[in-house]
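Student: Dropping a structure here in structure tokens format, bear with me for questions.
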Amino acid sequence: MTPKRPDGAGAFPKAVEPPAPDTPDPTGLYAALDLGTNSCRMLIAQPKGNGFHVVDSFSKSVQLGAGLERTGQLSRASMARTVQALRICQQKLKRNNVKRMRLVATEACRRAQNAQSFINTVRRETGLQLEIIEPEEEARLAVISCSPLVSTKTEQLLVVDIGGGSTELVWIDLSSVERRDRPRALMRLHAGFHTVESPFPTAKVVDWISVPLGVATLRDQFSDVQDDAARFALMSWFFEENLAEFAPYKKLDHLKERFQIVGTSGTVTTVAASHLGLKRYDRTKVDGLRMTSDQIDTVIRRYLAMGPTGRREDPRIGEDRHALIMSGSAILQALLRLWPTDRLSVADRGLREGLLFAQMSADGVLEDGVF
């Protein structure tokens with residue numbers, strides 16, 4: 001029999017059922033792990049307004065792709081280093097009681113013949129399930145992470161993500177989007193690069209490319225060249241050759257004030273730190289900094305003048321970066337040769353931030369709801 005209310009007005013309302021376990025919690029924690037060719041990095045964060053607050057993080061150079069160019073396989077030593085790093089990540093996830101996460105692997109695992117065996121080992125040893133993502137999703141996530149740095153004046157945008165094993169470039173036309181809506185229009189690209197029917201103003205992806213050359217793979221391609229300057233020139237030329245199929249390369253109109261490049265990678269942030277003369281890296285000074293082609297070229301020339309020994313001893317380059325900084329600089333120089341600009345924005349953000357934004361947006365826990 002249904003119980004009656006004391007005032008005789010009818011049955012008591014049903015008790016409110018607790019939310020289902022998979023219902024997103026706006027106060028809950030999210031995690032994003034990016035396992036690349038060179039580094040293993042993770043962020044644990046809580047939604048906050050239209051963004052998030054980082055609760056915990058992890059970053060380590062594991063060099064998963066070491067020797068991959070030569071053998072086509074992930075080496076035992078590389079896999080062992082990576083599993084050790086992933087154990088630490090698993091402990092952080094458990095300690096923070098994280099329920100919602102995406103743990104992704106990129107170019108090294110896309111290319112390695114024994115990638116699935118490695119994924120199985122990771123699951124067996126750590127309980128973590130890695131997901132190998134396609135280049136298009138990697139490019140989309142880079143765009144999403146960088147959207148807060150895009151000027152409302154920008155009509156033509158080039159987002160560049162220089163990774164360890166690959167480099168993603170995305171050219172976006174924002175000219176039909178109202179200025180104030182441009183960052184939000186970029187966020188909506190998490191659903192895909194192809195234009196779909198939408199009541200919202202849309203960012204048009206003119207072209208995108210994933211070049212299978214990053215700071216580690218490009219360095220390995222020319223490791224037999226002894227002369228430092230010659231090796232740098234060859235790397236830059238070779239990278240430019242690999243951009244031949246990228247459409248804007250052929251039909252770019254120089255837009256100056258309406259054109260912006262956003263660069264995300266350890267290379268770009270290192271160049272920025274060197275330009276600023278920082279003795280200790282400071283993200284607050286680097287993230288969002290604008291640099292001109294001439295300023296970047298000055299830093300790269302200084303790196304060349306230092307030589308390998310000088311770069312190794314320079315605290316602004318860092319111990320993990322000195323062996324990779326010239327291959328990254330070669331990529332950067334090739335890009336600026338093709339698209340010179342006085343508006344390159346430095347992004348100390350990337351795949352992890354894109355993964356967090358995409359998860360939180362899809363769950364509707366950001367202030368503006370679902371993008």
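By order of appearance in the structure tokens: chains A, B, ..., then residues from 1 within every chain, and ligands from 1 in the order shown.
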Check the DSSP output for the backbone and give back, as a VMD selection string, the residues of segment 85-294 of chain A in alpha helix (DSSP H).
Tutor: chain A and resid 85 to 95 107 to 111 115 to 126 135 to 146 182 to 187 215 to 221 228 to 241 248 to 251 266 to 276 283 to 286 293 to 294
Student: Near segment 79-84 of chain A, counting only C-alpha atoms, which residues have an atom at most 8 Å away, once you skip same-chain residues fewer than 2 positions from it, shown as a list in words?
Tutor: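 Skipping anything fewer than 2 positions along the chain leaves Cys40, Val62, Gln63, Leu64, Leu74, Ser75, Arg76, Ala77, Leu86, Arg87, Ile88, Phe118, Val122, Glu125 and Thr126 of chain A.
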Student: For a quick check of understanding, using only C-alpha atoms, which of A:Thr264, A:Gln156, A:Thr27, A:Ser274 has the smallest distance to Asp287 of chain A?
Tutor: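 Counting only C-alpha atoms, the residue closest to Asp287 of chain A is A:Thr264.
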Student: Counting only C-alpha atoms, which of A:Leu355, A:Val170, A:Val215, A:Leu366 gets nearest to Ile44 of chain A?
Tutor: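 For Ile44 of chain A, the nearest of the given residues is A:Leu355.
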Student: Could you name the residues that touch Leu278 of chain A at 9 Å or less, counting only C-alpha atoms, but leaving out those on the same chain fewer than 6 positions away, as a list in words?
Tutor: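 Listed by chain and then number, they are Ala272, Pro315 and Arg316 of chain A.
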Student: For the residues in that selection, give me C-alpha atoms as a PDB file, in the first residue's frame.
Tutor:
ATOM      1  CA  ALA A 272      60.500  31.145 -25.731  1.00  0.00           C
ATOM      2  CA  PRO A 315      70.231  25.562 -18.194  1.00  0.00           C
ATOM      3  CA  ARG A 316      67.464  27.198 -20.275  1.00  0.00           C
TER       4      ARG A 316
END
Student: Of the candidates A:Ala115, A:Ala108, A:Ile172, A:Ile209, which shows the shortest atom-to-atom distance to Asp34 of chain A, using only C-alpha atoms?
Tutor: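 Going through A:Ala115, A:Ala108, A:Ile172, A:Ile209 one by one, the smallest distance to Asp34 of chain A is for A:Ala108.
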Student: Leaving out Pro308 of chain A and any residue of its chain fewer than 2 positions from it, which residues lie within 8 Å of it when counting only C-alpha atoms, given as a list in words?
Tutor: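 Once the nearby chain positions are removed, what remains is Asp228, Met306, Gly310, Arg311, Arg312 and His322 of chain A.
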Student: Can you write just those residues out, C-alpha atoms, as a CSV table (one decimal), in the first residue's frame?
Tutor:
chain,number,residue,atom,x,y,z
A,228,ASP,CA,76.1,20.4,-36.6
A,306,MET,CA,76.7,27.2,-29.1
A,310,GLY,CA,77.2,24.7,-25.3
A,311,ARG,CA,73.6,23.5,-25.7
A,312,ARG,CA,74.2,20.7,-23.2
A,322,HIS,CA,69.3,19.5,-25.4
Student: Determine, counting only C-alpha atoms, which protein, DNA and RNA residues have an atom within 8 Å of an atom of Ala105 of chain A; residues of the same chain fewer than 4 positions away are not included. Present the result as a ChimeraX atom specification.
Tutor: /A:34-36,109-110,130-133
Student: Convert the current residue selection to file output with all heavy atoms, as a CSV table (one decimal), in the first residue's frame.
Tutor:
chain,number,residue,atom,x,y,z
A,34,ASP,N,49.1,11.3,-21.9
A,34,ASP,CA,49.7,11.3,-23.2
A,34,ASP,C,51.0,10.6,-23.2
A,34,ASP,O,52.0,11.1,-22.7
A,34,ASP,CB,49.9,12.8,-23.6
A,34,ASP,CG,50.7,13.0,-24.9
A,34,ASP,OD1,50.9,12.0,-25.7
A,34,ASP,OD2,51.2,14.1,-25.1
A,35,LEU,N,51.0,9.4,-23.9
A,35,LEU,CA,52.2,8.7,-24.0
A,35,LEU,C,52.7,8.9,-25.4
A,35,LEU,O,52.2,8.3,-26.4
A,35,LEU,CB,52.0,7.2,-23.7
A,35,LEU,CG,53.2,6.3,-23.9
A,35,LEU,CD1,54.4,6.7,-23.0
A,35,LEU,CD2,52.9,4.8,-23.7
A,36,GLY,N,53.8,9.7,-25.6
A,36,GLY,CA,54.3,10.0,-26.9
A,36,GLY,C,55.6,9.2,-27.2
A,36,GLY,O,56.0,8.3,-26.5
A,109,CYS,N,53.5,4.2,-30.8
A,109,CYS,CA,52.7,3.0,-30.8
A,109,CYS,C,51.9,2.8,-32.1
A,109,CYS,O,51.6,1.7,-32.5
A,109,CYS,CB,51.7,3.1,-29.6
A,109,CYS,SG,52.5,2.9,-28.0
A,110,ARG,N,51.6,3.9,-32.8
A,110,ARG,CA,51.0,3.8,-34.2
A,110,ARG,C,51.9,3.0,-35.1
A,110,ARG,O,51.5,2.3,-36.0
A,110,ARG,CB,50.6,5.1,-34.8
A,110,ARG,CG,49.4,5.8,-34.1
A,110,ARG,CD,48.9,6.9,-35.0
A,110,ARG,NE,49.7,8.1,-35.1
A,110,ARG,CZ,49.5,9.2,-34.3
A,110,ARG,NH1,48.6,9.3,-33.5
A,110,ARG,NH2,50.4,10.2,-34.5
A,130,LEU,N,45.7,1.6,-22.3
A,130,LEU,CA,46.1,2.6,-23.2
A,130,LEU,C,45.3,2.5,-24.5
A,130,LEU,O,45.0,1.4,-24.9
A,130,LEU,CB,47.6,2.5,-23.5
A,130,LEU,CG,48.6,2.9,-22.4
A,130,LEU,CD1,50.0,2.6,-22.9
A,130,LEU,CD2,48.5,4.3,-22.0
A,131,GLU,N,45.0,3.6,-25.1
A,131,GLU,CA,44.3,3.7,-26.4
A,131,GLU,C,45.2,4.4,-27.4
A,131,GLU,O,45.6,5.5,-27.2
A,131,GLU,CB,43.0,4.5,-26.1
A,131,GLU,CG,42.2,4.9,-27.3
A,131,GLU,CD,41.1,5.9,-26.9
A,131,GLU,OE1,41.0,6.3,-25.7
A,131,GLU,OE2,40.4,6.3,-27.9
A,132,ILE,N,45.4,3.7,-28.5
A,132,ILE,CA,46.2,4.4,-29.6
A,132,ILE,C,45.3,5.2,-30.4
A,132,ILE,O,44.3,4.7,-31.0
A,132,ILE,CB,46.9,3.3,-30.5
A,132,ILE,CG1,47.8,2.4,-29.6
A,132,ILE,CG2,47.7,4.0,-31.6
A,132,ILE,CD1,48.4,1.2,-30.3
A,133,ILE,N,45.5,6.5,-30.5
A,133,ILE,CA,44.6,7.4,-31.2
A,133,ILE,C,45.2,7.7,-32.6
A,133,ILE,O,46.4,7.6,-32.8
A,133,ILE,CB,44.3,8.7,-30.5
A,133,ILE,CG1,45.6,9.5,-30.2
A,133,ILE,CG2,43.6,8.4,-29.2
A,133,ILE,CD1,45.3,10.9,-29.7
Student: Nearest to Ala229 of chain A: which of A:Ala142, A:Ala216, A:Val271, A:Ala330 is it, counting only C-alpha atoms?
Tutor: A:Ala330
Student: Would you mind listing what lies within 8 Å of Phe58 of chain A as a compact mmCIF listing (two decimals) with N, CA, C and O atoms, in the first residue's frame, with only C-alpha atoms counted and same-chain residues fewer than 6 positions away left out?
Tutor:
# COMPACT_ATOMS: atom_id res chain seq x y z
N CYS A 40 56.17 10.70 -21.33
CA CYS A 40 54.93 10.24 -20.73
C CYS A 40 54.46 11.36 -19.80
O CYS A 40 55.17 11.73 -18.87
N ARG A 41 53.25 11.89 -20.08
CA ARG A 41 52.77 13.03 -19.30
C ARG A 41 51.30 12.83 -18.93
O ARG A 41 50.53 12.33 -19.75
N MET A 42 50.97 13.26 -17.73
CA MET A 42 49.60 13.09 -17.26
C MET A 42 49.15 14.31 -16.47
O MET A 42 49.96 14.93 -15.77
N LEU A 43 47.87 14.65 -16.59
CA LEU A 43 47.25 15.68 -15.76
C LEU A 43 46.01 15.10 -15.11
O LEU A 43 45.26 14.34 -15.73
N CYS A 89 51.93 6.76 -12.59
CA CYS A 89 50.65 7.36 -13.01
C CYS A 89 49.48 6.61 -12.40
O CYS A 89 48.51 7.22 -11.92
Student: Quick one: pick out all strand (DSSP E or B) residues within segment 54-303 of chain A from a backbone DSSP run and write them as a PDB file with N, CA and C atoms, in the first residue's frame.
Tutor:
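New file out_0.pdb:
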ATOM      1  N   VAL A  54      44.193  22.143 -12.191  1.00  0.00           N
ATOM      2  CA  VAL A  54      45.052  20.954 -12.122  1.00  0.00           C
ATOM      3  C   VAL A  54      45.301  20.575 -10.663  1.00  0.00           C
ATOM      4  N   VAL A  55      45.008  19.312 -10.365  1.00  0.00           N
ATOM      5  CA  VAL A  55      45.150  18.783  -9.011  1.00  0.00           C
ATOM      6  C   VAL A  55      46.480  18.048  -8.848  1.00  0.00           C
ATOM      7  N   ASP A  56      46.884  17.333  -9.895  1.00  0.00           N
ATOM      8  CA  ASP A  56      48.132  16.555  -9.844  1.00  0.00           C
ATOM      9  C   ASP A  56      48.640  16.402 -11.271  1.00  0.00           C
ATOM     10  N   SER A  57      49.926  16.156 -11.399  1.00  0.00           N
ATOM     11  CA  SER A  57      50.509  16.004 -12.737  1.00  0.00           C
ATOM     12  C   SER A  57      51.719  15.080 -12.675  1.00  0.00           C
ATOM     13  N   PHE A  58      52.138  14.650 -13.860  1.00  0.00           N
ATOM     14  CA  PHE A  58      53.313  13.788 -13.980  1.00  0.00           C
ATOM     15  C   PHE A  58      53.927  14.012 -15.346  1.00  0.00           C
ATOM     16  N   SER A  59      55.243  14.056 -15.413  1.00  0.00           N
ATOM     17  CA  SER A  59      55.941  14.185 -16.687  1.00  0.00           C
ATOM     18  C   SER A  59      57.316  13.543 -16.584  1.00  0.00           C
ATOM     19  N   LYS A  60      57.606  12.683 -17.547  1.00  0.00           N
ATOM     20  CA  LYS A  60      58.915  12.034 -17.555  1.00  0.00           C
ATOM     21  C   LYS A  60      59.316  11.682 -18.976  1.00  0.00           C
ATOM     22  N   SER A  61      60.589  11.898 -19.291  1.00  0.00           N
ATOM     23  CA  SER A  61      61.131  11.485 -20.579  1.00  0.00           C
ATOM     24  C   SER A  61      61.413   9.983 -20.520  1.00  0.00           C
ATOM     25  N   ARG A 100      37.018   9.196 -14.286  1.00  0.00           N
ATOM     26  CA  ARG A 100      36.881   9.529 -15.708  1.00  0.00           C
ATOM     27  C   ARG A 100      38.256   9.890 -16.268  1.00  0.00           C
ATOM     28  N   MET A 101      38.675   9.170 -17.283  1.00  0.00           N
ATOM     29  CA  MET A 101      40.033   9.369 -17.795  1.00  0.00           C
ATOM     30  C   MET A 101      40.133   8.909 -19.238  1.00  0.00           C
ATOM     31  N   ARG A 102      41.104   9.479 -19.938  1.00  0.00           N
ATOM     32  CA  ARG A 102      41.520   8.938 -21.233  1.00  0.00           C
ATOM     33  C   ARG A 102      43.039   8.838 -21.218  1.00  0.00           C
ATOM     34  N   LEU A 103      43.532   7.665 -21.549  1.00  0.00           N
ATOM     35  CA  LEU A 103      44.959   7.373 -21.516  1.00  0.00           C
ATOM     36  C   LEU A 103      45.360   7.009 -22.943  1.00  0.00           C
ATOM     37  N   VAL A 104      46.058   7.902 -23.635  1.00  0.00           N
ATOM     38  CA  VAL A 104      46.287   7.684 -25.063  1.00  0.00           C
ATOM     39  C   VAL A 104      47.767   7.579 -25.406  1.00  0.00           C
ATOM     40  N   ALA A 105      48.025   6.831 -26.456  1.00  0.00           N
ATOM     41  CA  ALA A 105      49.375   6.694 -27.004  1.00  0.00           C
ATOM     42  C   ALA A 105      49.332   7.196 -28.443  1.00  0.00           C
ATOM     43  N   GLU A 131      45.047   3.614 -25.119  1.00  0.00           N
ATOM     44  CA  GLU A 131      44.291   3.676 -26.367  1.00  0.00           C
ATOM     45  C   GLU A 131      45.165   4.387 -27.407  1.00  0.00           C
ATOM     46  N   ILE A 132      45.421   3.730 -28.528  1.00  0.00           N
ATOM     47  CA  ILE A 132      46.219   4.350 -29.591  1.00  0.00           C
ATOM     48  C   ILE A 132      45.271   5.201 -30.446  1.00  0.00           C
ATOM     49  N   GLN A 156      42.640  33.643 -40.087  1.00  0.00           N
ATOM     50  CA  GLN A 156      43.320  32.447 -40.582  1.00  0.00           C
ATOM     51  C   GLN A 156      44.277  31.977 -39.492  1.00  0.00           C
ATOM     52  N   LEU A 157      44.102  30.716 -39.087  1.00  0.00           N
ATOM     53  CA  LEU A 157      44.855  30.179 -37.957  1.00  0.00           C
ATOM     54  C   LEU A 157      45.595  28.911 -38.363  1.00  0.00           C
ATOM     55  N   LEU A 158      46.863  28.833 -37.990  1.00  0.00           N
ATOM     56  CA  LEU A 158      47.652  27.616 -38.172  1.00  0.00           C
ATOM     57  C   LEU A 158      48.083  27.121 -36.796  1.00  0.00           C
ATOM     58  N   VAL A 159      47.603  25.940 -36.414  1.00  0.00           N
ATOM     59  CA  VAL A 159      48.010  25.322 -35.144  1.00  0.00           C
ATOM     60  C   VAL A 159      49.040  24.247 -35.453  1.00  0.00           C
ATOM     61  N   VAL A 160      50.178  24.317 -34.774  1.00  0.00           N
ATOM     62  CA  VAL A 160      51.282  23.384 -35.016  1.00  0.00           C
ATOM     63  C   VAL A 160      51.632  22.680 -33.711  1.00  0.00           C
ATOM     64  N   ASP A 161      51.608  21.355 -33.731  1.00  0.00           N
ATOM     65  CA  ASP A 161      51.980  20.554 -32.561  1.00  0.00           C
ATOM     66  C   ASP A 161      53.182  19.696 -32.936  1.00  0.00           C
ATOM     67  N   ILE A 162      54.360  20.104 -32.445  1.00  0.00           N
ATOM     68  CA  ILE A 162      55.596  19.372 -32.741  1.00  0.00           C
ATOM     69  C   ILE A 162      55.808  18.321 -31.659  1.00  0.00           C
ATOM     70  N   THR A 167      54.468  15.499 -36.332  1.00  0.00           N
ATOM     71  CA  THR A 167      54.094  16.913 -36.214  1.00  0.00           C
ATOM     72  C   THR A 167      52.759  17.107 -36.907  1.00  0.00           C
ATOM     73  N   GLU A 168      51.798  17.663 -36.160  1.00  0.00           N
ATOM     74  CA  GLU A 168      50.462  17.907 -36.713  1.00  0.00           C
ATOM     75  C   GLU A 168      50.307  19.392 -37.033  1.00  0.00           C
ATOM     76  N   LEU A 169      49.762  19.679 -38.220  1.00  0.00           N
ATOM     77  CA  LEU A 169      49.457  21.047 -38.621  1.00  0.00           C
ATOM     78  C   LEU A 169      47.988  21.105 -39.025  1.00  0.00           C
ATOM     79  N   VAL A 170      47.284  22.101 -38.517  1.00  0.00           N
ATOM     80  CA  VAL A 170      45.876  22.289 -38.854  1.00  0.00           C
ATOM     81  C   VAL A 170      45.681  23.750 -39.260  1.00  0.00           C
ATOM     82  N   TRP A 171      45.129  23.951 -40.464  1.00  0.00           N
ATOM     83  CA  TRP A 171      44.844  25.302 -40.956  1.00  0.00           C
ATOM     84  C   TRP A 171      43.339  25.531 -40.854  1.00  0.00           C
ATOM     85  N   ILE A 172      42.944  26.600 -40.158  1.00  0.00           N
ATOM     86  CA  ILE A 172      41.535  26.851 -39.873  1.00  0.00           C
ATOM     87  C   ILE A 172      41.141  28.246 -40.336  1.00  0.00           C
ATOM     88  N   ASP A 173      40.022  28.315 -41.039  1.00  0.00           N
ATOM     89  CA  ASP A 173      39.453  29.586 -41.492  1.00  0.00           C
ATOM     90  C   ASP A 173      38.346  29.991 -40.513  1.00  0.00           C
ATOM     91  N   LYS A 204      36.082  26.532 -40.051  1.00  0.00           N
ATOM     92  CA  LYS A 204      36.275  25.655 -41.205  1.00  0.00           C
ATOM     93  C   LYS A 204      37.729  25.183 -41.269  1.00  0.00           C
ATOM     94  N   VAL A 205      37.911  23.868 -41.216  1.00  0.00           N
ATOM     95  CA  VAL A 205      39.256  23.303 -41.350  1.00  0.00           C
ATOM     96  C   VAL A 205      39.584  23.231 -42.839  1.00  0.00           C
ATOM     97  N   VAL A 206      40.492  24.091 -43.281  1.00  0.00           N
ATOM     98  CA  VAL A 206      40.889  24.155 -44.693  1.00  0.00           C
ATOM     99  C   VAL A 206      41.697  22.919 -45.066  1.00  0.00           C
ATOM    100  N   ASP A 207      42.633  22.555 -44.189  1.00  0.00           N
ATOM    101  CA  ASP A 207      43.469  21.383 -44.434  1.00  0.00           C
ATOM    102  C   ASP A 207      44.177  21.019 -43.139  1.00  0.00           C
ATOM    103  N   TRP A 208      44.580  19.770 -43.028  1.00  0.00           N
ATOM    104  CA  TRP A 208      45.401  19.345 -41.898  1.00  0.00           C
ATOM    105  C   TRP A 208      46.319  18.229 -42.374  1.00  0.00           C
ATOM    106  N   ILE A 209      47.409  18.065 -41.667  1.00  0.00           N
ATOM    107  CA  ILE A 209      48.383  17.028 -42.038  1.00  0.00           C
ATOM    108  C   ILE A 209      49.099  16.535 -40.781  1.00  0.00           C
ATOM    109  N   SER A 210      49.397  15.256 -40.769  1.00  0.00           N
ATOM    110  CA  SER A 210      50.248  14.683 -39.729  1.00  0.00           C
ATOM    111  C   SER A 210      51.514  14.187 -40.419  1.00  0.00           C
ATOM    112  N   VAL A 211      52.606  14.884 -40.180  1.00  0.00           N
ATOM    113  CA  VAL A 211      53.894  14.519 -40.780  1.00  0.00           C
ATOM    114  C   VAL A 211      54.598  13.548 -39.825  1.00  0.00           C
ATOM    115  N   PHE A 259      46.325  36.794 -39.549  1.00  0.00           N
ATOM    116  CA  PHE A 259      46.916  35.458 -39.550  1.00  0.00           C
ATOM    117  C   PHE A 259      47.671  35.221 -38.252  1.00  0.00           C
ATOM    118  N   GLN A 260      47.479  34.042 -37.664  1.00  0.00           N
ATOM    119  CA  GLN A 260      48.157  33.703 -36.414  1.00  0.00           C
ATOM    120  C   GLN A 260      48.613  32.256 -36.455  1.00  0.00           C
ATOM    121  N   ILE A 261      49.830  32.029 -35.958  1.00  0.00           N
ATOM    122  CA  ILE A 261      50.310  30.665 -35.736  1.00  0.00           C
ATOM    123  C   ILE A 261      50.320  30.428 -34.230  1.00  0.00           C
ATOM    124  N   VAL A 262      49.804  29.281 -33.802  1.00  0.00           N
ATOM    125  CA  VAL A 262      49.938  28.853 -32.410  1.00  0.00           C
ATOM    126  C   VAL A 262      50.795  27.596 -32.415  1.00  0.00           C
ATOM    127  N   GLY A 263      51.908  27.633 -31.694  1.00  0.00           N
ATOM    128  CA  GLY A 263      52.818  26.495 -31.641  1.00  0.00           C
ATOM    129  C   GLY A 263      52.816  25.860 -30.266  1.00  0.00           C
ATOM    130  N   THR A 264      52.581  24.547 -30.230  1.00  0.00           N
ATOM    131  CA  THR A 264      52.598  23.832 -28.956  1.00  0.00           C
ATOM    132  C   THR A 264      53.621  22.708 -29.017  1.00  0.00           C
ATOM    133  N   ARG A 290      53.836  35.998 -27.300  1.00  0.00           N
ATOM    134  CA  ARG A 290      53.899  36.149 -28.755  1.00  0.00           C
ATOM    135  C   ARG A 290      55.322  36.453 -29.177  1.00  0.00           C
ATOM    136  N   MET A 291      55.750  35.786 -30.234  1.00  0.00           N
ATOM    137  CA  MET A 291      57.097  35.994 -30.756  1.00  0.00           C
ATOM    138  C   MET A 291      57.037  36.256 -32.256  1.00  0.00           C
TER     139      MET A 291
END
Student: Contacts of Gly277 of chain A at 12 Å or less, counting only C-alpha atoms, minus same-chain residues fewer than 2 places along, as number ranges by chain?
Tutor: A: 270-275, 279-282, 285-286, 299, 314-317
Student: Write out, as a CSV table (one decimal), in the first residue's frame, the residues just selected, with N, CA and C atoms.
Tutor:
chain,number,residue,atom,x,y,z
A,270,THR,N,60.7,26.0,-25.1
A,270,THR,CA,62.2,26.2,-24.8
A,270,THR,C,62.7,27.4,-25.6
A,271,VAL,N,62.4,27.6,-26.8
A,271,VAL,CA,62.8,28.7,-27.6
A,271,VAL,C,62.3,30.0,-26.9
A,272,ALA,N,61.1,30.0,-26.4
A,272,ALA,CA,60.5,31.1,-25.7
A,272,ALA,C,61.3,31.4,-24.4
A,273,ALA,N,61.6,30.4,-23.7
A,273,ALA,CA,62.3,30.6,-22.4
A,273,ALA,C,63.7,31.2,-22.7
A,274,SER,N,64.3,30.7,-23.8
A,274,SER,CA,65.7,31.2,-24.2
A,274,SER,C,65.6,32.7,-24.6
A,275,HIS,N,64.5,33.0,-25.3
A,275,HIS,CA,64.3,34.4,-25.8
A,275,HIS,C,64.1,35.3,-24.6
A,279,LYS,N,66.3,31.9,-16.3
A,279,LYS,CA,67.2,30.9,-15.7
A,279,LYS,C,66.5,29.7,-15.1
A,280,ARG,N,65.2,29.9,-14.7
A,280,ARG,CA,64.3,28.8,-14.3
A,280,ARG,C,63.1,28.9,-15.2
A,281,TYR,N,62.6,27.8,-15.7
A,281,TYR,CA,61.4,27.9,-16.5
A,281,TYR,C,60.2,28.3,-15.7
A,282,ASP,N,59.4,29.2,-16.3
A,282,ASP,CA,58.2,29.8,-15.7
A,282,ASP,C,57.1,29.8,-16.7
A,285,LYS,N,55.1,32.9,-17.6
A,285,LYS,CA,55.7,33.9,-18.5
A,285,LYS,C,55.8,33.4,-20.0
A,286,VAL,N,55.7,32.1,-20.1
A,286,VAL,CA,55.9,31.5,-21.5
A,286,VAL,C,54.5,31.2,-22.2
A,299,VAL,N,67.1,33.2,-31.7
A,299,VAL,CA,67.4,32.2,-30.7
A,299,VAL,C,68.0,31.0,-31.4
A,314,ASP,N,73.6,24.6,-21.3
A,314,ASP,CA,72.7,25.8,-21.1
A,314,ASP,C,71.5,25.4,-20.3
A,315,PRO,N,71.3,26.0,-19.1
A,315,PRO,CA,70.2,25.6,-18.2
A,315,PRO,C,68.8,25.9,-18.8
A,316,ARG,N,68.8,26.8,-19.7
A,316,ARG,CA,67.5,27.2,-20.3
A,316,ARG,C,67.0,26.1,-21.2
A,317,ILE,N,67.9,25.3,-21.8
A,317,ILE,CA,67.4,24.3,-22.7
A,317,ILE,C,67.0,23.0,-21.9
Student: Would you mind telling me which residue in A:Gln295, A:Asn38, A:Asn50, A:Asn114 lies nearest to Val365 of chain A when using only C-alpha atoms?
Tutor: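 For Val365 of chain A, the nearest of the given residues is A:Asn50.
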Student: Please, what distance in Å, to one decimal, runs between atom CA of Ser147 of chain A and atom CA of Ile325 of chain A?
Tutor: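 Atom CA of Ile325 of chain A lies at a distance of 25.4 Å from atom CA of Ser147 of chain A.
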